[in-house]
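*Asks:* My structure is in target-v9.cif, and what it holds is mmCIF, C-alpha atoms:
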```cif
data_work
loop_
_atom_site.label_atom_id
_atom_site.label_comp_id
_atom_site.auth_asym_id
_atom_site.auth_seq_id
_atom_site.Cartn_x
_atom_site.Cartn_y
_atom_site.Cartn_z
CA MET A 1 91.49 56.42 92.07
CA ALA A 2 91.89 58.14 88.70
CA HIS A 3 92.01 61.91 88.57
CA VAL A 4 90.42 64.01 85.85
CA SER A 5 93.85 65.27 84.78
CA GLN A 6 94.94 61.68 84.00
CA TRP A 7 92.21 61.41 81.34
CA GLU A 8 92.74 64.81 79.72
CA GLU A 9 95.38 63.46 77.35
CA PHE A 10 92.72 61.27 75.72
CA ALA A 11 90.36 64.16 74.98
CA TYR A 12 90.78 66.60 72.14
CA ILE A 13 89.00 69.88 72.57
CA PRO A 14 89.58 72.53 69.89
CA SER A 15 91.38 75.59 71.29
CA ALA A 16 88.58 77.96 70.17
CA ARG A 17 86.07 75.90 72.12
CA GLN A 18 88.35 75.78 75.17
CA LYS A 19 88.69 79.57 75.01
CA ARG A 20 84.89 80.08 74.80
CA ARG A 21 84.36 77.68 77.70
CA LYS A 22 86.95 79.47 79.83
CA GLU A 23 85.37 82.86 79.04
CA LYS A 24 81.92 81.51 79.96
CA VAL A 25 83.22 80.06 83.23
CA GLU A 26 84.99 83.31 84.13
CA SER A 27 81.84 85.27 83.38
CA GLU A 28 79.80 83.00 85.69
CA ILE A 29 82.40 83.41 88.44
CA ARG A 30 82.45 87.19 88.00
CA ASN A 31 78.64 87.38 88.19
CA VAL A 32 78.47 85.29 91.38
CA PHE A 33 81.28 87.29 93.00
CA LYS A 34 79.52 90.58 92.20
CA LEU A 35 76.43 89.40 94.08
CA PHE A 36 78.46 89.18 97.29
CA GLU A 37 80.91 92.03 96.76
CA ARG A 38 79.91 94.81 99.16
CA ASP A 39 81.80 97.94 98.09
CA ASN A 40 82.70 97.14 94.47
CA ASN A 41 86.33 96.84 95.60
CA GLY A 42 87.18 93.30 94.48
CA LEU A 43 86.78 91.85 98.00
CA CYS A 44 84.22 89.53 99.55
CA ASP A 45 83.72 88.33 103.09
CA VAL A 46 85.44 84.98 103.52
CA ARG A 47 82.27 83.60 105.17
CA GLU A 48 80.46 83.91 101.82
CA VAL A 49 82.88 81.63 99.94
CA GLY A 50 80.85 78.46 100.59
CA THR A 51 77.66 80.04 99.31
CA MET A 52 79.45 81.41 96.23
CA VAL A 53 81.10 78.07 95.44
CA ARG A 54 77.77 76.25 95.77
CA ALA A 55 76.08 78.88 93.59
CA LEU A 56 78.58 77.91 90.90
CA GLY A 57 77.25 74.34 90.96
CA LEU A 58 79.91 72.74 93.13
CA ASN A 59 79.34 70.70 96.24
CA PRO A 60 82.49 70.92 98.35
CA LYS A 61 83.02 69.18 101.66
CA GLU A 62 83.80 71.53 104.54
CA ARG A 63 87.43 70.37 104.49
CA GLN A 64 87.68 71.23 100.78
CA LEU A 65 86.10 74.61 101.40
CA ASP A 66 88.55 75.34 104.23
CA ASP A 67 91.45 74.33 101.94
CA MET A 68 90.14 76.62 99.18
CA ILE A 69 89.84 79.54 101.57
CA ARG A 70 93.34 78.94 102.94
CA GLU A 71 94.67 78.89 99.40
CA MET A 72 92.89 82.16 98.50
CA GLU A 73 93.61 84.13 101.67
CA SER A 74 96.69 86.25 102.25
CA GLU A 75 99.20 85.18 104.90
CA GLN A 76 97.71 87.76 107.23
CA SER A 77 94.01 86.88 107.20
CA THR A 78 91.80 89.93 106.73
CA GLY A 79 88.47 88.12 106.69
CA HIS A 80 88.15 88.91 102.98
CA ILE A 81 89.20 87.24 99.75
CA LYS A 82 90.23 89.00 96.56
CA PHE A 83 88.58 88.41 93.22
CA GLN A 84 91.89 88.33 91.34
CA ARG A 85 95.61 88.89 91.83
CA ASP A 86 97.13 92.33 91.53
CA PRO A 87 98.70 92.84 88.09
CA VAL A 88 102.44 92.13 87.75
CA LYS A 89 104.91 92.85 85.00
CA PRO A 90 105.16 90.11 82.35
CA ASP A 91 108.70 89.13 83.40
CA GLU A 92 107.82 88.90 87.12
CA LYS A 93 106.23 86.06 89.03
CA SER A 94 103.59 86.83 91.63
CA ASP A 95 104.05 85.34 95.08
CA GLU A 96 100.48 86.36 95.86
CA PRO A 97 98.11 83.43 96.55
CA ARG A 98 95.64 82.26 93.94
CA ARG A 99 92.50 84.32 94.12
CA PHE A 100 88.82 83.51 93.68
CA LEU A 101 88.75 83.85 89.88
CA GLU A 102 91.87 81.81 89.24
CA LEU A 103 91.12 79.04 91.70
CA LEU A 104 87.44 78.66 90.78
CA SER A 105 88.21 78.80 87.05
CA ASP A 106 90.55 75.85 87.49
CA VAL A 107 87.99 73.96 89.56
CA LEU A 108 85.07 74.63 87.18
CA LEU A 109 87.10 73.69 84.11
CA THR A 110 88.31 70.39 85.62
CA PHE A 111 85.60 69.72 88.25
CA GLU A 112 88.34 68.86 90.72
CA PHE A 113 90.25 70.50 93.55
CA ASN A 114 93.42 69.01 94.98
CA GLY A 115 92.77 65.81 93.06
CA GLU A 116 89.20 65.29 94.31
CA LEU A 117 86.07 65.60 92.18
CA MET A 118 83.68 68.37 93.20
CA VAL A 119 80.28 67.92 91.59
CA ARG A 120 76.73 68.09 92.85
CA ASP A 121 74.78 64.97 93.63
CA SER A 122 72.09 63.96 91.17
CA GLU A 123 68.41 64.44 91.90
CA ASP A 124 68.00 60.67 92.41
CA VAL A 125 70.81 60.55 94.98
CA LEU A 126 69.32 63.50 96.85
CA LEU A 127 65.83 61.97 96.83
CA LYS A 128 67.22 58.73 98.28
CA ALA A 129 68.99 60.69 101.03
CA PHE A 130 65.78 62.54 101.92
CA GLU A 131 63.83 59.26 101.88
CA VAL A 132 66.21 57.85 104.50
CA LEU A 133 65.14 60.73 106.73
CA ASP A 134 61.47 59.98 106.00
CA PRO A 135 61.00 56.30 106.94
CA GLU A 136 57.18 56.70 106.98
CA GLY A 137 57.27 57.80 103.32
CA ARG A 138 55.20 60.94 103.89
CA GLY A 139 57.02 62.91 101.18
CA TYR A 140 58.16 65.61 103.57
CA ILE A 141 60.54 66.15 106.46
CA ASP A 142 59.94 68.41 109.42
CA SER A 143 62.45 71.28 109.31
CA GLU A 144 63.28 70.98 113.03
CA TYR A 145 64.11 67.28 112.59
CA LEU A 146 66.29 68.03 109.55
CA LYS A 147 68.01 70.85 111.44
CA GLU A 148 68.81 68.46 114.30
CA GLN A 149 70.20 65.84 111.89
CA MET A 150 72.31 68.37 110.00
CA THR A 151 73.90 69.78 113.15
CA THR A 152 74.57 66.51 114.98
CA LYS A 153 75.34 63.84 112.34
CA GLY A 154 77.94 63.44 109.61
CA GLU A 155 79.49 66.58 108.18
CA ARG A 156 77.86 69.20 110.40
CA PHE A 157 76.38 72.35 108.92
CA THR A 158 76.80 75.81 110.43
CA THR A 159 73.82 77.71 111.81
CA GLU A 160 74.07 80.17 108.89
CA GLU A 161 73.98 77.32 106.35
CA ILE A 162 70.96 75.73 108.05
CA VAL A 163 69.02 79.00 108.21
CA GLU A 164 69.79 79.71 104.55
CA MET A 165 68.67 76.23 103.49
CA LEU A 166 65.50 76.20 105.60
CA ASN A 167 64.52 79.65 104.35
CA ALA A 168 64.70 78.30 100.81
CA ALA A 169 63.26 74.82 101.42
CA ALA A 170 60.74 74.82 104.25
CA ASP A 171 57.09 75.74 103.80
CA PRO A 172 56.64 78.83 106.00
CA GLU A 173 53.21 77.72 107.25
CA THR A 174 53.93 74.07 108.10
CA GLY A 175 57.72 74.01 108.51
CA TYR A 176 57.82 70.94 106.25
CA ILE A 177 60.31 70.36 103.46
CA ARG A 178 58.66 68.59 100.54
CA TYR A 179 61.74 66.91 99.18
CA ASP A 180 60.20 65.98 95.80
CA ASP A 181 60.10 69.73 95.14
CA TYR A 182 63.42 70.61 96.80
CA ALA A 183 65.73 67.87 95.44
CA PRO A 184 65.56 69.12 91.82
CA ILE A 185 66.53 72.61 93.00
CA LEU A 186 69.53 71.27 94.89
CA ALA A 187 70.63 69.14 91.95
CA SER A 188 70.33 71.87 89.33
CA ASP A 189 73.12 74.21 88.30
#
```
Show me the file's structure as structure tokens.
*Replies:*
Amino acid sequence: MAHVSQWEEFAYIPSARQKRRKEKVESEIRNVFKLFERDNNGLCDVREVGTMVRALGLNPKERQLDDMIREMESEQSTGHIKFQRDPVKPDEKSDEPRRFLELLSDVLLTFEFNGELMVRDSEDVLLKAFEVLDPEGRGYIDSEYLKEQMTTKGERFTTEEIVEMLNAAADPETGYIRYDDYAPILASD
């Protein structure tokens, strides 16, 4: 399998454009982090990392998310991740782990983490997945049925993730998820 980094040598991107892209990516990361930062202290609860990463348009597997968190956390886990490393003198090397900004900048600029691509599925792929769960072709899925599937099959979701998704996707009156309406939201940045 080819990695993104193997193809980079074939692409020429002017340095001014690369710089603007990096600044834009860092601004997006900063804005997402600020939404979850509680005390304006550069720290976020480690349990929010998945939501933040997905808000940045990535679709990591749980294993990838766990690896990212391990890479960002200090040796002594505090339950929080830092936005960026503490400053060091120019002639010193930091032994501090990569932090949220650095790690996510790398991922968003290359769309890969540890050699694996991390992009969202297209709307068509998501619609096909929902249609598998709707063999009668009704155009909707009962939220309780989807909850059962997401907690017992494949890569299992946490209760928090399910509640968050159902709050956003399910019609509050019927409990149905109309996937023609929801798939474009999931696929969008």
*Asks:* Show me as a PyMOL selection string the residues that reach within 12 Å of (82.4, 85.8, 84.7), counting only C-alpha atoms and using the file's own coordinates.
*Replies:* chain A and resi 20-35+56+83-84+100-102+104-105+108
*Asks:* Measure the distance from CA of Tyr140 (chain A) to CA of Ile162 (chain A) in Å and round it to one decimal.
*Replies:*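 Atom-to-atom, CA of Tyr140 (chain A) and CA of Ile162 (chain A) are spaced 16.9 Å apart.
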*Asks:* Point out the residue among A:Arg98, A:His80, A:Leu103, A:Ser15 with the least atom-to-atom distance to Val53 (chain A), counting all atoms listed in the file.
*Replies:*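 Using all atoms listed in the file, Val53 (chain A) sits closest to A:Leu103.
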*Asks:* The PyMOL selection byres ((chain A and resi 170-178) around 9) - which residues does that actually catch in the file I just gave you? List them as a short mmCIF file (atom, residue, chain, number, x, y, z; two decimals) with C-alpha atoms, in the coordinates of the input.
*Replies:*
```cif
data_model
loop_
_atom_site.label_atom_id
_atom_site.label_comp_id
_atom_site.auth_asym_id
_atom_site.auth_seq_id
_atom_site.Cartn_x
_atom_site.Cartn_y
_atom_site.Cartn_z
CA GLY A 139 57.02 62.91 101.18
CA TYR A 140 58.16 65.61 103.57
CA ILE A 141 60.54 66.15 106.46
CA ASP A 142 59.94 68.41 109.42
CA SER A 143 62.45 71.28 109.31
CA GLU A 144 63.28 70.98 113.03
CA LEU A 146 66.29 68.03 109.55
CA MET A 165 68.67 76.23 103.49
CA LEU A 166 65.50 76.20 105.60
CA ASN A 167 64.52 79.65 104.35
CA ALA A 168 64.70 78.30 100.81
CA ALA A 169 63.26 74.82 101.42
CA TYR A 179 61.74 66.91 99.18
CA ASP A 180 60.20 65.98 95.80
CA ASP A 181 60.10 69.73 95.14
CA TYR A 182 63.42 70.61 96.80
CA ALA A 183 65.73 67.87 95.44
#
```
*Asks:* Quick one: residues within 8 Å of Glu48 (chain A), all atoms listed in the file, excluding same-chain residues fewer than 4 positions away - as a list in words?
*Replies:*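 Residues meeting the cut-off are Phe36, Cys44 and Met52 of chain A.
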*Asks:* Tell me which residues the PyMOL selection byres ((chain A and resi 50) around 10) grabs here, as a PyMOL selection string.
*Replies:* chain A and resi 46-49+51-56+58-62+64-66+68-69+161
*Asks:* Can you pull out the residues contacting Glu123 (chain A)? Cut-off 8 Å, using only C-alpha atoms, and skip same-chain residues under 6 positions away; I want them as an mmCIF file with C-alpha atoms, in the frame of the given file.
*Replies:*
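Output saved as part_29.cif:
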```
data_model
loop_
_atom_site.group_PDB
_atom_site.id
_atom_site.type_symbol
_atom_site.label_atom_id
_atom_site.label_comp_id
_atom_site.auth_asym_id
_atom_site.auth_seq_id
_atom_site.Cartn_x
_atom_site.Cartn_y
_atom_site.Cartn_z
ATOM 1 C CA ALA A 183 65.730 67.870 95.440
ATOM 2 C CA PRO A 184 65.560 69.120 91.820
ATOM 3 C CA LEU A 186 69.530 71.270 94.890
ATOM 4 C CA ALA A 187 70.630 69.140 91.950
#
```
*Asks:* Would you mind telling me which residue in A:Asp67, A:Glu155, A:Asp121, A:Glu73 lies nearest to Arg99 (chain A) when using all atoms listed in the file?
*Replies:*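 For Arg99 (chain A), the nearest of the given residues is A:Glu73.
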*Asks:* Using only the atoms of region 109-123 of chain A listed in the file, plus 3 Å on each side, state the axis-aligned box centre and edge lengths in Å rounded to one decimal, as AutoDock Vina command-line options.
*Replies:*
```
--center_x 80.9 --center_y 68.8 --center_z 89.5 --size_x 31.0 --size_y 15.7 --size_z 16.9
```
*Asks:* Can you measure CA of Gly154 (chain A) to CA of Asp124 (chain A) for me? One decimal in Å is fine.
*Replies:*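 Between CA of Gly154 (chain A) and CA of Asp124 (chain A) the gap works out to 20.1 Å.
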*Asks:* What gap, in Å, lies between CA of Val125 (chain A) and CA of Asp106 (chain A)?
*Replies:* 26.1 Å
*Asks:* Residues at most 9 Å from Leu133 (chain A), counting all atoms listed in the file, excluding those fewer than 3 positions away in the same chain, as a ChimeraX atom specification?
*Replies:* /A:128-130,136,141,145-146,149
*Asks:* Between A:Arg85, A:Gly57, A:Gly137, A:Arg63, which has the minimum distance to Met118 (chain A) (counting all atoms listed in the file)?
*Replies:* A:Gly57
*Asks:* Would you save region 146-172 of chain A to a file, keeping N, CA, C and O atoms, as a CSV table (one decimal), in the first residue's frame?
*Replies:*
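That gives us out05.csv:
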```csv
chain,number,residue,atom,x,y,z
A,146,LEU,N,-30.4,1.3,15.4
A,146,LEU,CA,-29.1,1.7,15.1
A,146,LEU,C,-28.2,1.7,16.3
A,146,LEU,O,-27.0,1.3,16.3
A,147,LYS,N,-28.7,2.1,17.5
A,147,LYS,CA,-27.9,2.1,18.7
A,147,LYS,C,-27.5,0.6,19.0
A,147,LYS,O,-26.3,0.4,19.4
A,148,GLU,N,-28.4,-0.3,18.9
A,148,GLU,CA,-28.0,-1.7,19.1
A,148,GLU,C,-26.9,-2.2,18.2
A,148,GLU,O,-25.9,-2.8,18.6
A,149,GLN,N,-27.0,-1.8,16.9
A,149,GLN,CA,-26.0,-2.2,15.9
A,149,GLN,C,-24.7,-1.6,16.2
A,149,GLN,O,-23.6,-2.2,16.1
A,150,MET,N,-24.7,-0.4,16.6
A,150,MET,CA,-23.4,0.4,16.8
A,150,MET,C,-22.7,0.0,18.1
A,150,MET,O,-21.6,0.3,18.3
A,151,THR,N,-23.4,-0.7,19.0
A,151,THR,CA,-22.8,-1.1,20.3
A,151,THR,C,-22.5,-2.6,20.3
A,151,THR,O,-21.9,-3.1,21.2
A,152,THR,N,-23.0,-3.3,19.3
A,152,THR,CA,-22.7,-4.8,19.3
A,152,THR,C,-22.0,-5.3,18.1
A,152,THR,O,-21.6,-6.5,18.1
A,153,LYS,N,-21.9,-4.6,17.0
A,153,LYS,CA,-21.3,-5.0,15.8
A,153,LYS,C,-20.1,-4.2,15.4
A,153,LYS,O,-20.1,-3.0,15.6
A,154,GLY,N,-19.1,-4.8,14.7
A,154,GLY,CA,-18.0,-4.0,14.2
A,154,GLY,C,-17.2,-3.2,15.2
A,154,GLY,O,-17.0,-3.7,16.3
A,155,GLU,N,-16.8,-2.1,14.8
A,155,GLU,CA,-16.1,-1.2,15.7
A,155,GLU,C,-17.1,-0.5,16.6
A,155,GLU,O,-17.8,0.3,16.2
A,156,ARG,N,-17.2,-1.0,17.9
A,156,ARG,CA,-18.2,-0.5,18.8
A,156,ARG,C,-18.0,0.9,19.2
A,156,ARG,O,-16.9,1.4,19.5
A,157,PHE,N,-19.2,1.6,19.3
A,157,PHE,CA,-19.2,3.0,19.7
A,157,PHE,C,-19.4,3.1,21.2
A,157,PHE,O,-20.0,2.2,21.8
A,158,THR,N,-18.9,4.1,21.9
A,158,THR,CA,-19.2,4.3,23.3
A,158,THR,C,-20.6,4.9,23.5
A,158,THR,O,-21.2,5.5,22.5
A,159,THR,N,-21.1,4.8,24.7
A,159,THR,CA,-22.4,5.4,25.0
A,159,THR,C,-22.4,6.9,24.7
A,159,THR,O,-23.4,7.4,24.1
A,160,GLU,N,-21.3,7.6,25.1
A,160,GLU,CA,-21.3,9.0,24.8
A,160,GLU,C,-21.4,9.3,23.3
A,160,GLU,O,-22.0,10.3,22.9
A,161,GLU,N,-20.6,8.6,22.5
A,161,GLU,CA,-20.7,8.8,21.1
A,161,GLU,C,-22.0,8.5,20.5
A,161,GLU,O,-22.5,9.3,19.6
A,162,ILE,N,-22.7,7.5,21.0
A,162,ILE,CA,-24.1,7.2,20.5
A,162,ILE,C,-25.0,8.3,20.8
A,162,ILE,O,-25.8,8.7,20.0
A,163,VAL,N,-25.0,8.7,22.1
A,163,VAL,CA,-25.9,9.8,22.5
A,163,VAL,C,-25.7,11.0,21.7
A,163,VAL,O,-26.6,11.7,21.3
A,164,GLU,N,-24.4,11.4,21.5
A,164,GLU,CA,-24.1,12.6,20.7
A,164,GLU,C,-24.6,12.5,19.3
A,164,GLU,O,-25.3,13.4,18.8
A,165,MET,N,-24.4,11.3,18.7
A,165,MET,CA,-24.9,11.1,17.3
A,165,MET,C,-26.4,11.1,17.2
A,165,MET,O,-27.0,11.8,16.4
A,166,LEU,N,-27.1,10.4,18.1
A,166,LEU,CA,-28.6,10.3,18.1
A,166,LEU,C,-29.2,11.7,18.4
A,166,LEU,O,-30.2,12.0,17.8
A,167,ASN,N,-28.6,12.5,19.3
A,167,ASN,CA,-29.1,13.8,19.5
A,167,ASN,C,-29.0,14.7,18.3
A,167,ASN,O,-29.9,15.5,18.0
A,168,ALA,N,-28.0,14.4,17.4
A,168,ALA,CA,-27.9,15.2,16.2
A,168,ALA,C,-28.7,14.7,15.1
A,168,ALA,O,-29.2,15.4,14.2
A,169,ALA,N,-28.9,13.3,15.0
A,169,ALA,CA,-29.5,12.7,13.9
A,169,ALA,C,-31.0,12.3,14.0
A,169,ALA,O,-31.7,12.3,13.0
A,170,ALA,N,-31.4,11.9,15.1
A,170,ALA,CA,-32.7,11.3,15.3
A,170,ALA,C,-33.8,12.4,15.4
A,170,ALA,O,-33.6,13.4,16.1
A,171,ASP,N,-34.9,12.2,14.8
A,171,ASP,CA,-36.1,13.0,14.9
A,171,ASP,C,-36.6,12.9,16.3
A,171,ASP,O,-36.9,11.7,16.8
A,172,PRO,N,-36.7,13.9,17.1
A,172,PRO,CA,-37.1,13.8,18.5
A,172,PRO,C,-38.5,13.3,18.7
A,172,PRO,O,-38.8,12.6,19.7
```
